[in-house]
Amino acid sequence: MALNMHLYYKRFSKYSMNSNTLSYFCRSDSALLKTLLHSKPAIILGIETSCDDTGCGIVDSTGTVLGEAISSQHNIHLNFGGIIPSVARSLHKSNITKVCEAAFRSANLKLQDISAVATTVKPGLHTSLDVGTKFGKYLAKIGKKPFIPIHHMEAHALTVRMMHKVCRIILVDFPYVVLLVSGGHCLLAIVEDVSKFYLLGTTLNNTPGEILDKIARRLKLRNIPEFSTLNGGLAIETAAYKASNVNQFTFAPVMQHYRDCNFSFAGLLNTCLKYIEKQEKDHNIIADMTMPDVYNLCAAFQLAVVTHICQRTQRAIEFIDNTSLFPKDKRTLVVSGGVACNNVLVKALDIVSTKLGYNFVRTPPELCTDNGIMIAWNGIERWVADTGVIRNENDIDKVDVVNNAQLGEDWTKRVKEARIKCDWIKVNAELT
């Protein structure tokens with residue numbers, strides 16, 4: 001059964017769009033809309049295996065999700081305390097055929113009905129990417145279909161452009177600035193076109209999703225029944241809502257003297273670990289016991305992470321404005337990636353965007369985490385733009401996976417050289 005994007009947007013957080021966004025996004029790129037609406041819709045199969053989830057999605061060029069299926073490995077890896085690449089690969093191999101078949105069944109389609117196969121080939125865990133890429137190339141070969149290699153982060157950045165039916169058609173126009181936050185990445189970039197990205201900042205060490213998971217494990221949140229099945233980020237967010245004193249633990253500001261848009265989360269991680277060690281010593285916490293002030297520490301740690309992300313994002317926006325890179329009527333911040341499901345972060349980014357006169361849009365939470373739909377939509381974008389679509393079978397055979405791949409052209413030095421000093425927008429008061 002077809003699943004339209006408006007069903008996703010009914011479940012949007014109230015912080016998904018600010019008050020100016022709806023009217024702005026009702027305007028659209030007429031040339032692209034003409035192509036999409038007045039020609040036979042293309043149908044793309046998307047395959048995603050960059051990390052630990054096996055996802056397949058089928059999307060057409062009107063933005064309708066025709067079918068999808070996903071097999072999550074979350075609970076299995078939770079028992080290991082982290083993702084084990086060899087286990088992820090084995091589970092991908094076991095699940096990918098049935099996941100793809102389930103997507104086709106939900107769409108009531110067969111391989112012969114699709115226009116092309118889009119597959120994540122970079123970046124990610126090499127062994128996981130290899131399973132999906134080989135399977136996608138196999139389907140393209142037996143179905144005599146074009147193959148579209150997909151950059152995982154480009155897919156996250158473009159998913160928000162998928163049409164839905166809030167006011168018949170809403171389309172995020174180029175250019176816009178995107179913040180991608182997940183367990184594998186944290187970066188800011190300008191999205192100029194389907195295949196043109198400019199990297200403004202990236203993480204120098206840990207990622208936000210990674211440190212949230214590490215702290216959740218170190219706090220033994222799994223031992224608290226209501227958090228036992230939650231991923232680390234959601235466990236910390238849920239625990240933070242129970243805090244009675246967010247100011248009990250303090251975290252020093254991060255990278256205040258670095259006038260760039262890069263991120264660093266290692267210091268926050270180390271500070272939090274020291275707090276945990278001190279609490280365990282002071283309260284004689286042993287074995288499976290949890291520290292008495294766990295909720296307050298979760299709230300303070302989360303706020304420190306959110307504040308750091310917001311400050312680097314503010315500088316990216318001010319860099320764009322100071323260099324007049326965006327038209328005044330097209331000033332948009334998009335957030336995506338697994339950590340974009342965090343509602344505290346989204347509320348804070350909405351505050352920053354509003355203060356700076358930007359429209360703010362969060363990718364639907366259901367599509368922020370890894371999935372086949374975003375890969376299929378990236379395939380649609382490339383199909384319409386006729387870029388990166390491989391039709392020759394010999395060329396398809398040559399496609400290989402890449403575990404590390406930068407997003408777009410590196411502008412981080414350009415941002416640093418601009419030496420933009422910011423008057424930080426304070427989000428703490430409105431979040432606590």
# chains A, B, ... in the order shown; residues from 1 in each chain; ligands from 1
call {"tool": "residues_around", "arguments": {"residues": "A:Thr97", "least_positions_apart": "4", "cutoff": "12 Å", "atoms": "only C-alpha atoms", "output": "JSON list (two decimals) with C-alpha atoms, in the first residue's frame"}}
result
[["chain", "number", "residue", "atom", "x", "y", "z"],
["A", 47, "ILE", "CA", 19.18, -0.04, -0.61],
["A", 54, "THR", "CA", 19.27, -3.23, 6.50],
["A", 55, "GLY", "CA", 16.83, -0.93, 4.70],
["A", 56, "CYS", "CA", 15.02, -0.96, 1.37],
["A", 69, "ALA", "CA", 11.07, -2.44, 4.82],
["A", 70, "ILE", "CA", 13.85, -2.37, 7.37],
["A", 71, "SER", "CA", 15.55, -4.89, 9.61],
["A", 91, "LEU", "CA", 23.09, -9.98, 9.65],
["A", 92, "HIS", "CA", 23.00, -7.87, 6.47],
["A", 93, "LYS", "CA", 23.71, -10.99, 4.40],
["A", 101, "GLU", "CA", 11.24, -8.70, -1.06],
["A", 102, "ALA", "CA", 9.14, -7.18, 1.73],
["A", 103, "ALA", "CA", 9.58, -3.71, 0.23],
["A", 104, "PHE", "CA", 8.45, -4.93, -3.16],
["A", 131, "VAL", "CA", 26.81, -6.47, 1.22],
["A", 132, "GLY", "CA", 24.36, -3.82, 0.03],
["A", 134, "LYS", "CA", 26.89, -6.28, -4.26],
["A", 135, "PHE", "CA", 23.18, -6.94, -3.83],
["A", 136, "GLY", "CA", 22.19, -3.70, -5.56],
["A", 138, "TYR", "CA", 23.17, -7.89, -8.75],
["A", 139, "LEU", "CA", 19.58, -6.60, -8.98]]
call {"tool": "closest_atom_pairs", "arguments": {"of": "stretch 354-432 of chain A", "to": "stretch 291-313 of chain A", "cutoff": "12 Å", "atoms": "only C-alpha atoms", "output": "CSV"}}
result
residue,atom,partner,partner_atom,distance
A:Leu356,CA,A:Thr313,CA,11.0
A:Tyr358,CA,A:Thr313,CA,11.9
A:Thr412,CA,A:Arg312,CA,12.0
A:Val415,CA,A:Arg312,CA,11.2
A:Lys416,CA,A:Arg312,CA,11.8
A:Ile420,CA,A:Arg312,CA,11.1
A:Lys421,CA,A:Gln311,CA,11.0
A:Cys422,CA,A:Gln311,CA,8.5
A:Asp423,CA,A:Gln311,CA,9.5
A:Trp424,CA,A:Gln311,CA,6.6
A:Ile425,CA,A:Gln311,CA,7.7
A:Lys426,CA,A:Thr307,CA,8.4
A:Val427,CA,A:Thr307,CA,7.3
A:Asn428,CA,A:Leu303,CA,7.4
A:Ala429,CA,A:Leu303,CA,10.7
A:Glu430,CA,A:Leu303,CA,11.2
A:Leu431,CA,A:Leu303,CA,8.1
A:Thr432,CA,A:Leu303,CA,8.7
call {"tool": "residues_around", "arguments": {"residues": "A:Met374", "least_positions_apart": "4", "cutoff": "12 Å", "atoms": "only C-alpha atoms", "output": "ChimeraX atom specification"}}
result
/A:5,44-48,55-60,63-65,68,118-120,150-162,336-337,363-364,366-370,378-381
call {"tool": "write_last_selection", "arguments": {"atoms": "N, CA and C atoms", "output": "short mmCIF file (atom, residue, chain, number, x, y, z; two decimals), in the first residue's frame"}}
result
data_model
loop_
_atom_site.label_atom_id
_atom_site.label_comp_id
_atom_site.auth_asym_id
_atom_site.auth_seq_id
_atom_site.Cartn_x
_atom_site.Cartn_y
_atom_site.Cartn_z
N MET A 5 4.15 10.99 2.01
CA MET A 5 4.96 11.67 3.01
C MET A 5 4.15 12.46 4.01
N ILE A 44 12.30 4.39 -8.11
CA ILE A 44 13.65 3.99 -7.73
C ILE A 44 13.61 3.10 -6.49
N LEU A 45 14.37 2.02 -6.55
CA LEU A 45 14.59 1.16 -5.39
C LEU A 45 15.86 1.64 -4.68
N GLY A 46 15.77 1.88 -3.38
CA GLY A 46 16.92 2.30 -2.59
C GLY A 46 17.34 1.23 -1.61
N ILE A 47 18.64 0.98 -1.51
CA ILE A 47 19.18 -0.04 -0.61
C ILE A 47 20.21 0.61 0.31
N GLU A 48 20.04 0.42 1.61
CA GLU A 48 20.90 1.04 2.61
C GLU A 48 21.46 -0.01 3.58
N GLY A 55 18.03 -1.65 5.12
CA GLY A 55 16.83 -0.93 4.70
C GLY A 55 16.64 -0.94 3.20
N CYS A 56 15.39 -1.07 2.78
CA CYS A 56 15.02 -0.96 1.37
C CYS A 56 13.80 -0.05 1.27
N GLY A 57 13.82 0.85 0.30
CA GLY A 57 12.68 1.73 0.08
C GLY A 57 12.42 1.88 -1.40
N ILE A 58 11.16 2.11 -1.75
CA ILE A 58 10.79 2.33 -3.14
C ILE A 58 10.01 3.64 -3.21
N VAL A 59 10.54 4.59 -3.97
CA VAL A 59 9.98 5.94 -4.03
C VAL A 59 9.82 6.34 -5.49
N ASP A 60 8.75 7.09 -5.80
CA ASP A 60 8.63 7.60 -7.16
C ASP A 60 8.93 9.10 -7.20
N GLY A 63 7.43 11.96 -5.12
CA GLY A 63 7.70 12.00 -3.69
C GLY A 63 6.88 11.02 -2.89
N THR A 64 6.21 10.10 -3.55
CA THR A 64 5.40 9.10 -2.86
C THR A 64 6.24 7.89 -2.49
N VAL A 65 6.19 7.51 -1.24
CA VAL A 65 6.84 6.29 -0.79
C VAL A 65 5.91 5.12 -1.11
N GLU A 68 8.39 0.11 1.68
CA GLU A 68 9.62 0.13 2.46
C GLU A 68 9.66 -1.05 3.41
N ALA A 118 19.23 2.29 -6.63
CA ALA A 118 20.14 3.19 -5.94
C ALA A 118 20.65 2.50 -4.68
N THR A 119 21.95 2.57 -4.44
CA THR A 119 22.53 1.85 -3.30
C THR A 119 23.62 2.69 -2.63
N THR A 120 23.63 2.68 -1.31
CA THR A 120 24.70 3.36 -0.57
C THR A 120 26.03 2.65 -0.82
N ILE A 150 25.22 5.88 -4.25
CA ILE A 150 24.76 6.96 -3.36
C ILE A 150 25.75 7.21 -2.23
N HIS A 151 26.03 8.50 -2.00
CA HIS A 151 26.80 8.95 -0.84
C HIS A 151 25.82 9.09 0.32
N HIS A 152 26.08 8.34 1.38
CA HIS A 152 25.15 8.26 2.50
C HIS A 152 24.78 9.64 3.07
N MET A 153 25.78 10.52 3.23
CA MET A 153 25.52 11.82 3.82
C MET A 153 24.77 12.74 2.86
N GLU A 154 25.02 12.60 1.57
CA GLU A 154 24.23 13.36 0.59
C GLU A 154 22.76 12.97 0.68
N ALA A 155 22.51 11.69 0.88
CA ALA A 155 21.13 11.22 1.02
C ALA A 155 20.46 11.84 2.23
N HIS A 156 21.16 11.86 3.37
CA HIS A 156 20.60 12.52 4.56
C HIS A 156 20.31 13.99 4.28
N ALA A 157 21.21 14.64 3.57
CA ALA A 157 21.07 16.08 3.32
C ALA A 157 19.91 16.40 2.38
N LEU A 158 19.57 15.47 1.49
CA LEU A 158 18.56 15.74 0.46
C LEU A 158 17.17 15.20 0.80
N THR A 159 17.08 14.32 1.79
CA THR A 159 15.79 13.68 2.10
C THR A 159 14.69 14.69 2.39
N VAL A 160 15.05 15.82 3.01
CA VAL A 160 14.07 16.83 3.37
C VAL A 160 13.36 17.39 2.14
N ARG A 161 13.97 17.26 0.96
CA ARG A 161 13.37 17.79 -0.26
C ARG A 161 12.26 16.90 -0.82
N MET A 162 12.12 15.73 -0.24
CA MET A 162 11.06 14.85 -0.71
C MET A 162 9.70 15.53 -0.55
N SER A 336 19.38 16.83 9.93
CA SER A 336 19.05 15.43 9.69
C SER A 336 20.09 14.56 10.36
N GLY A 337 19.91 13.25 10.28
CA GLY A 337 20.78 12.30 10.97
C GLY A 337 20.12 11.81 12.24
N THR A 363 14.23 17.12 9.06
CA THR A 363 13.79 15.95 8.29
C THR A 363 12.85 15.14 9.18
N PRO A 364 11.78 14.57 8.63
CA PRO A 364 10.88 13.77 9.47
C PRO A 364 11.67 12.79 10.34
N GLU A 366 11.22 9.94 11.39
CA GLU A 366 11.24 8.58 10.89
C GLU A 366 12.28 8.39 9.80
N LEU A 367 12.69 9.49 9.17
CA LEU A 367 13.67 9.42 8.10
C LEU A 367 15.02 9.98 8.50
N CYS A 368 15.16 10.40 9.75
CA CYS A 368 16.46 10.90 10.22
C CYS A 368 17.46 9.76 10.40
N THR A 369 16.98 8.62 10.87
CA THR A 369 17.86 7.47 11.03
C THR A 369 18.03 6.78 9.68
N ASP A 370 19.00 5.88 9.58
CA ASP A 370 19.30 5.24 8.31
C ASP A 370 18.11 4.43 7.80
N ASN A 378 17.36 9.99 -2.98
CA ASN A 378 18.59 10.51 -3.57
C ASN A 378 18.73 9.98 -5.00
N GLY A 379 18.31 8.74 -5.20
CA GLY A 379 18.30 8.19 -6.55
C GLY A 379 17.36 8.95 -7.47
N ILE A 380 16.20 9.34 -6.95
CA ILE A 380 15.24 10.14 -7.73
C ILE A 380 15.87 11.49 -8.10
N GLU A 381 16.49 12.14 -7.12
CA GLU A 381 17.12 13.43 -7.38
C GLU A 381 18.16 13.31 -8.51
#
call {"tool": "residues_around", "arguments": {"residues": "A:Ala266", "least_positions_apart": "3", "cutoff": "8 Å", "atoms": "only C-alpha atoms", "output": "list in words"}}
result
Asn205, Asn206, Leu269 and Asn270 of chain A
call {"tool": "write_last_selection", "arguments": {"atoms": "N, CA, C and O atoms", "output": "compact mmCIF listing (two decimals), in the first residue's frame"}}
result
# COMPACT_ATOMS: atom_id res chain seq x y z
N ASN A 205 36.98 14.81 16.31
CA ASN A 205 37.20 13.58 17.06
C ASN A 205 35.92 12.76 17.12
O ASN A 205 35.48 12.22 16.12
N ASN A 206 35.31 12.71 18.29
CA ASN A 206 34.10 11.90 18.47
C ASN A 206 32.90 12.57 17.80
O ASN A 206 32.91 13.75 17.49
N LEU A 269 33.06 14.57 26.64
CA LEU A 269 33.04 13.15 27.02
C LEU A 269 33.93 12.91 28.24
O LEU A 269 33.50 12.27 29.22
N ASN A 270 35.13 13.44 28.21
CA ASN A 270 36.07 13.22 29.33
C ASN A 270 35.57 13.86 30.62
O ASN A 270 35.71 13.28 31.70
call {"tool": "closest_atom_pairs", "arguments": {"of": "stretch 47-161 of chain A", "to": "stretch 389-409 of chain A", "cutoff": "8 Å", "atoms": "only C-alpha atoms", "output": "JSON lines"}}
result
{"residue": "A:Val121", "atom": "CA", "partner": "A:Val401", "partner_atom": "CA", "distance": 4.7}
{"residue": "A:Lys122", "atom": "CA", "partner": "A:Val402", "partner_atom": "CA", "distance": 4.9}
{"residue": "A:Pro123", "atom": "CA", "partner": "A:Asn403", "partner_atom": "CA", "distance": 4.5}
{"residue": "A:Gly124", "atom": "CA", "partner": "A:Asn403", "partner_atom": "CA", "distance": 4.8}
{"residue": "A:Leu125", "atom": "CA", "partner": "A:Asn403", "partner_atom": "CA", "distance": 5.7}
{"residue": "A:His126", "atom": "CA", "partner": "A:Asn403", "partner_atom": "CA", "distance": 5.1}
{"residue": "A:Leu129", "atom": "CA", "partner": "A:Val401", "partner_atom": "CA", "distance": 6.3}
{"residue": "A:Asp130", "atom": "CA", "partner": "A:Val401", "partner_atom": "CA", "distance": 6.3}
{"residue": "A:Thr133", "atom": "CA", "partner": "A:Val401", "partner_atom": "CA", "distance": 7.2}
{"residue": "A:Lys137", "atom": "CA", "partner": "A:Ile396", "partner_atom": "CA", "distance": 6.8}
{"residue": "A:Lys141", "atom": "CA", "partner": "A:Glu393", "partner_atom": "CA", "distance": 7.0}
{"residue": "A:Lys145", "atom": "CA", "partner": "A:Arg391", "partner_atom": "CA", "distance": 7.2}
{"residue": "A:Pro146", "atom": "CA", "partner": "A:Arg391", "partner_atom": "CA", "distance": 4.5}
{"residue": "A:Phe147", "atom": "CA", "partner": "A:Ile390", "partner_atom": "CA", "distance": 5.1}
{"residue": "A:Ile148", "atom": "CA", "partner": "A:Val389", "partner_atom": "CA", "distance": 4.9}
{"residue": "A:Pro149", "atom": "CA", "partner": "A:Val389", "partner_atom": "CA", "distance": 7.7}
{"residue": "A:Met153", "atom": "CA", "partner": "A:Leu407", "partner_atom": "CA", "distance": 6.8}
{"residue": "A:Glu154", "atom": "CA", "partner": "A:Leu407", "partner_atom": "CA", "distance": 7.1}
call {"tool": "atom_distance", "arguments": {"atom1": "atom CA of A:Leu325", "atom2": "atom CA of A:Thr207"}}
result
27.6 Å
call {"tool": "select_by_dssp", "arguments": {"residues": "stretch 135-306 of chain A", "states": "alpha helix (DSSP H)", "output": "PyMOL selection string"}}
result
chain A and resi 135-143+152-158+208-218+232-240+266-282+294-306
call {"tool": "write_last_selection", "arguments": {"atoms": "C-alpha atoms", "output": "compact mmCIF listing (two decimals), in the first residue's frame"}}
result
# COMPACT_ATOMS: atom_id res chain seq x y z
CA PHE A 135 23.18 -6.94 -3.83
CA GLY A 136 22.19 -3.70 -5.56
CA LYS A 137 24.55 -4.36 -8.47
CA TYR A 138 23.17 -7.89 -8.75
CA LEU A 139 19.58 -6.60 -8.98
CA ALA A 140 20.61 -3.99 -11.56
CA LYS A 141 22.29 -6.69 -13.62
CA ILE A 142 19.51 -9.30 -13.60
CA GLY A 143 16.82 -6.65 -14.06
CA HIS A 152 25.15 8.26 2.50
CA MET A 153 25.52 11.82 3.82
CA GLU A 154 24.23 13.36 0.59
CA ALA A 155 21.13 11.22 1.02
CA HIS A 156 20.60 12.52 4.56
CA ALA A 157 21.07 16.08 3.32
CA LEU A 158 18.56 15.74 0.46
CA PRO A 208 27.57 13.33 19.22
CA GLY A 209 25.80 10.00 18.71
CA GLU A 210 28.95 8.15 19.74
CA ILE A 211 29.48 10.06 22.99
CA LEU A 212 25.80 9.86 23.92
CA ASP A 213 25.97 6.08 23.51
CA LYS A 214 29.20 5.84 25.52
CA ILE A 215 27.85 7.89 28.40
CA ALA A 216 24.57 5.97 28.43
CA ARG A 217 26.55 2.73 28.74
CA ARG A 218 28.87 4.15 31.39
CA GLY A 232 21.93 5.74 24.13
CA GLY A 233 20.82 9.10 22.79
CA LEU A 234 17.15 8.50 23.48
CA ALA A 235 17.91 7.07 26.92
CA ILE A 236 19.84 10.22 27.88
CA GLU A 237 17.16 12.52 26.45
CA THR A 238 14.42 10.65 28.35
CA ALA A 239 16.45 10.62 31.57
CA ALA A 240 17.20 14.34 31.22
CA ALA A 266 36.10 14.63 23.26
CA GLY A 267 36.41 17.20 26.07
CA LEU A 268 32.73 16.94 26.97
CA LEU A 269 33.04 13.15 27.02
CA ASN A 270 36.07 13.22 29.33
CA THR A 271 34.48 15.73 31.70
CA CYS A 272 31.35 13.61 31.98
CA LEU A 273 33.38 10.46 32.64
CA LYS A 274 35.21 12.23 35.47
CA TYR A 275 31.88 13.26 37.02
CA ILE A 276 30.70 9.65 36.86
CA GLU A 277 33.89 8.35 38.48
CA LYS A 278 33.63 10.90 41.30
CA GLN A 279 29.94 10.13 41.91
CA GLU A 280 30.64 6.39 42.01
CA LYS A 281 33.46 6.94 44.50
CA ASP A 282 31.49 9.36 46.69
CA VAL A 294 22.05 10.28 37.09
CA TYR A 295 19.14 12.38 35.75
CA ASN A 296 20.82 15.67 36.55
CA LEU A 297 24.05 14.56 34.87
CA CYS A 298 22.17 13.42 31.76
CA ALA A 299 20.47 16.82 31.52
CA ALA A 300 23.68 18.78 31.98
CA PHE A 301 25.63 16.63 29.52
CA GLN A 302 22.89 16.83 26.90
CA LEU A 303 22.70 20.61 27.28
CA ALA A 304 26.47 20.93 26.84
CA VAL A 305 26.37 18.87 23.63
CA VAL A 306 23.41 20.86 22.29
call {"tool": "decode", "arguments": {"residues": "stretch 226-237 of chain A", "atoms": "all heavy atoms", "output": "PDB file, in the first residue's frame"}}
result
ATOM      1  N   GLU A 226      12.921   1.411  32.350  1.00  0.00           N
ATOM      2  CA  GLU A 226      12.302   2.219  31.288  1.00  0.00           C
ATOM      3  C   GLU A 226      13.280   2.607  30.184  1.00  0.00           C
ATOM      4  O   GLU A 226      12.885   3.028  29.104  1.00  0.00           O
ATOM      5  CB  GLU A 226      11.677   3.481  31.879  1.00  0.00           C
ATOM      6  CG  GLU A 226      12.667   4.451  32.506  1.00  0.00           C
ATOM      7  CD  GLU A 226      11.977   5.668  33.096  1.00  0.00           C
ATOM      8  OE1 GLU A 226      11.360   6.432  32.327  1.00  0.00           O
ATOM      9  OE2 GLU A 226      12.044   5.819  34.336  1.00  0.00           O
ATOM     10  N   PHE A 227      14.586   2.447  30.431  1.00  0.00           N
ATOM     11  CA  PHE A 227      15.592   2.776  29.429  1.00  0.00           C
ATOM     12  C   PHE A 227      16.230   1.537  28.809  1.00  0.00           C
ATOM     13  O   PHE A 227      17.095   1.657  27.940  1.00  0.00           O
ATOM     14  CB  PHE A 227      16.713   3.625  30.042  1.00  0.00           C
ATOM     15  CG  PHE A 227      16.235   4.839  30.784  1.00  0.00           C
ATOM     16  CD1 PHE A 227      16.784   5.178  32.018  1.00  0.00           C
ATOM     17  CD2 PHE A 227      15.236   5.646  30.268  1.00  0.00           C
ATOM     18  CE1 PHE A 227      16.347   6.296  32.707  1.00  0.00           C
ATOM     19  CE2 PHE A 227      14.799   6.766  30.948  1.00  0.00           C
ATOM     20  CZ  PHE A 227      15.346   7.093  32.174  1.00  0.00           C
ATOM     21  N   SER A 228      15.825   0.356  29.230  1.00  0.00           N
ATOM     22  CA  SER A 228      16.550  -0.879  28.898  1.00  0.00           C
ATOM     23  C   SER A 228      16.596  -1.182  27.405  1.00  0.00           C
ATOM     24  O   SER A 228      17.529  -1.835  26.928  1.00  0.00           O
ATOM     25  CB  SER A 228      15.934  -2.068  29.648  1.00  0.00           C
ATOM     26  OG  SER A 228      14.572  -2.246  29.254  1.00  0.00           O
ATOM     27  N   THR A 229      15.616  -0.741  26.641  1.00  0.00           N
ATOM     28  CA  THR A 229      15.580  -1.050  25.202  1.00  0.00           C
ATOM     29  C   THR A 229      15.871   0.173  24.327  1.00  0.00           C
ATOM     30  O   THR A 229      15.795   0.080  23.106  1.00  0.00           O
ATOM     31  CB  THR A 229      14.212  -1.630  24.804  1.00  0.00           C
ATOM     32  OG1 THR A 229      13.189  -0.662  25.067  1.00  0.00           O
ATOM     33  CG2 THR A 229      13.920  -2.902  25.578  1.00  0.00           C
ATOM     34  N   LEU A 230      16.201   1.303  24.953  1.00  0.00           N
ATOM     35  CA  LEU A 230      16.414   2.532  24.189  1.00  0.00           C
ATOM     36  C   LEU A 230      17.868   2.661  23.747  1.00  0.00           C
ATOM     37  O   LEU A 230      18.776   2.204  24.439  1.00  0.00           O
ATOM     38  CB  LEU A 230      16.042   3.756  25.038  1.00  0.00           C
ATOM     39  CG  LEU A 230      14.626   3.818  25.603  1.00  0.00           C
ATOM     40  CD1 LEU A 230      14.421   5.120  26.370  1.00  0.00           C
ATOM     41  CD2 LEU A 230      13.584   3.683  24.496  1.00  0.00           C
ATOM     42  N   ASN A 231      18.079   3.302  22.594  1.00  0.00           N
ATOM     43  CA  ASN A 231      19.448   3.606  22.214  1.00  0.00           C
ATOM     44  C   ASN A 231      19.994   4.672  23.165  1.00  0.00           C
ATOM     45  O   ASN A 231      19.241   5.329  23.884  1.00  0.00           O
ATOM     46  CB  ASN A 231      19.539   4.057  20.754  1.00  0.00           C
ATOM     47  CG  ASN A 231      18.811   5.367  20.476  1.00  0.00           C
ATOM     48  OD1 ASN A 231      19.079   6.393  21.094  1.00  0.00           O
ATOM     49  ND2 ASN A 231      17.873   5.345  19.546  1.00  0.00           N
ATOM     50  N   GLY A 232      21.309   4.860  23.151  1.00  0.00           N
ATOM     51  CA  GLY A 232      21.934   5.738  24.132  1.00  0.00           C
ATOM     52  C   GLY A 232      21.425   7.155  24.103  1.00  0.00           C
ATOM     53  O   GLY A 232      21.143   7.755  25.148  1.00  0.00           O
ATOM     54  N   GLY A 233      21.285   7.720  22.904  1.00  0.00           N
ATOM     55  CA  GLY A 233      20.824   9.099  22.787  1.00  0.00           C
ATOM     56  C   GLY A 233      19.429   9.296  23.328  1.00  0.00           C
ATOM     57  O   GLY A 233      19.164  10.265  24.063  1.00  0.00           O
ATOM     58  N   LEU A 234      18.531   8.381  23.000  1.00  0.00           N
ATOM     59  CA  LEU A 234      17.148   8.497  23.481  1.00  0.00           C
ATOM     60  C   LEU A 234      17.073   8.247  24.976  1.00  0.00           C
ATOM     61  O   LEU A 234      16.280   8.888  25.685  1.00  0.00           O
ATOM     62  CB  LEU A 234      16.249   7.516  22.727  1.00  0.00           C
ATOM     63  CG  LEU A 234      14.758   7.557  23.075  1.00  0.00           C
ATOM     64  CD1 LEU A 234      14.190   8.958  22.906  1.00  0.00           C
ATOM     65  CD2 LEU A 234      13.988   6.546  22.231  1.00  0.00           C
ATOM     66  N   ALA A 235      17.889   7.336  25.477  1.00  0.00           N
ATOM     67  CA  ALA A 235      17.913   7.073  26.919  1.00  0.00           C
ATOM     68  C   ALA A 235      18.341   8.319  27.687  1.00  0.00           C
ATOM     69  O   ALA A 235      17.726   8.688  28.699  1.00  0.00           O
ATOM     70  CB  ALA A 235      18.851   5.910  27.225  1.00  0.00           C
ATOM     71  N   ILE A 236      19.377   9.004  27.205  1.00  0.00           N
ATOM     72  CA  ILE A 236      19.843  10.218  27.884  1.00  0.00           C
ATOM     73  C   ILE A 236      18.809  11.334  27.774  1.00  0.00           C
ATOM     74  O   ILE A 236      18.543  12.054  28.746  1.00  0.00           O
ATOM     75  CB  ILE A 236      21.200  10.659  27.303  1.00  0.00           C
ATOM     76  CG1 ILE A 236      22.291   9.721  27.822  1.00  0.00           C
ATOM     77  CG2 ILE A 236      21.519  12.116  27.683  1.00  0.00           C
ATOM     78  CD1 ILE A 236      23.679  10.035  27.337  1.00  0.00           C
ATOM     79  N   GLU A 237      18.197  11.486  26.602  1.00  0.00           N
ATOM     80  CA  GLU A 237      17.161  12.522  26.450  1.00  0.00           C
ATOM     81  C   GLU A 237      15.992  12.258  27.398  1.00  0.00           C
ATOM     82  O   GLU A 237      15.493  13.182  28.056  1.00  0.00           O
ATOM     83  CB  GLU A 237      16.658  12.552  25.005  1.00  0.00           C
ATOM     84  CG  GLU A 237      15.587  13.617  24.773  1.00  0.00           C
ATOM     85  CD  GLU A 237      15.019  13.604  23.363  1.00  0.00           C
ATOM     86  OE1 GLU A 237      15.450  12.763  22.546  1.00  0.00           O
ATOM     87  OE2 GLU A 237      14.134  14.432  23.075  1.00  0.00           O
TER      88      GLU A 237
END
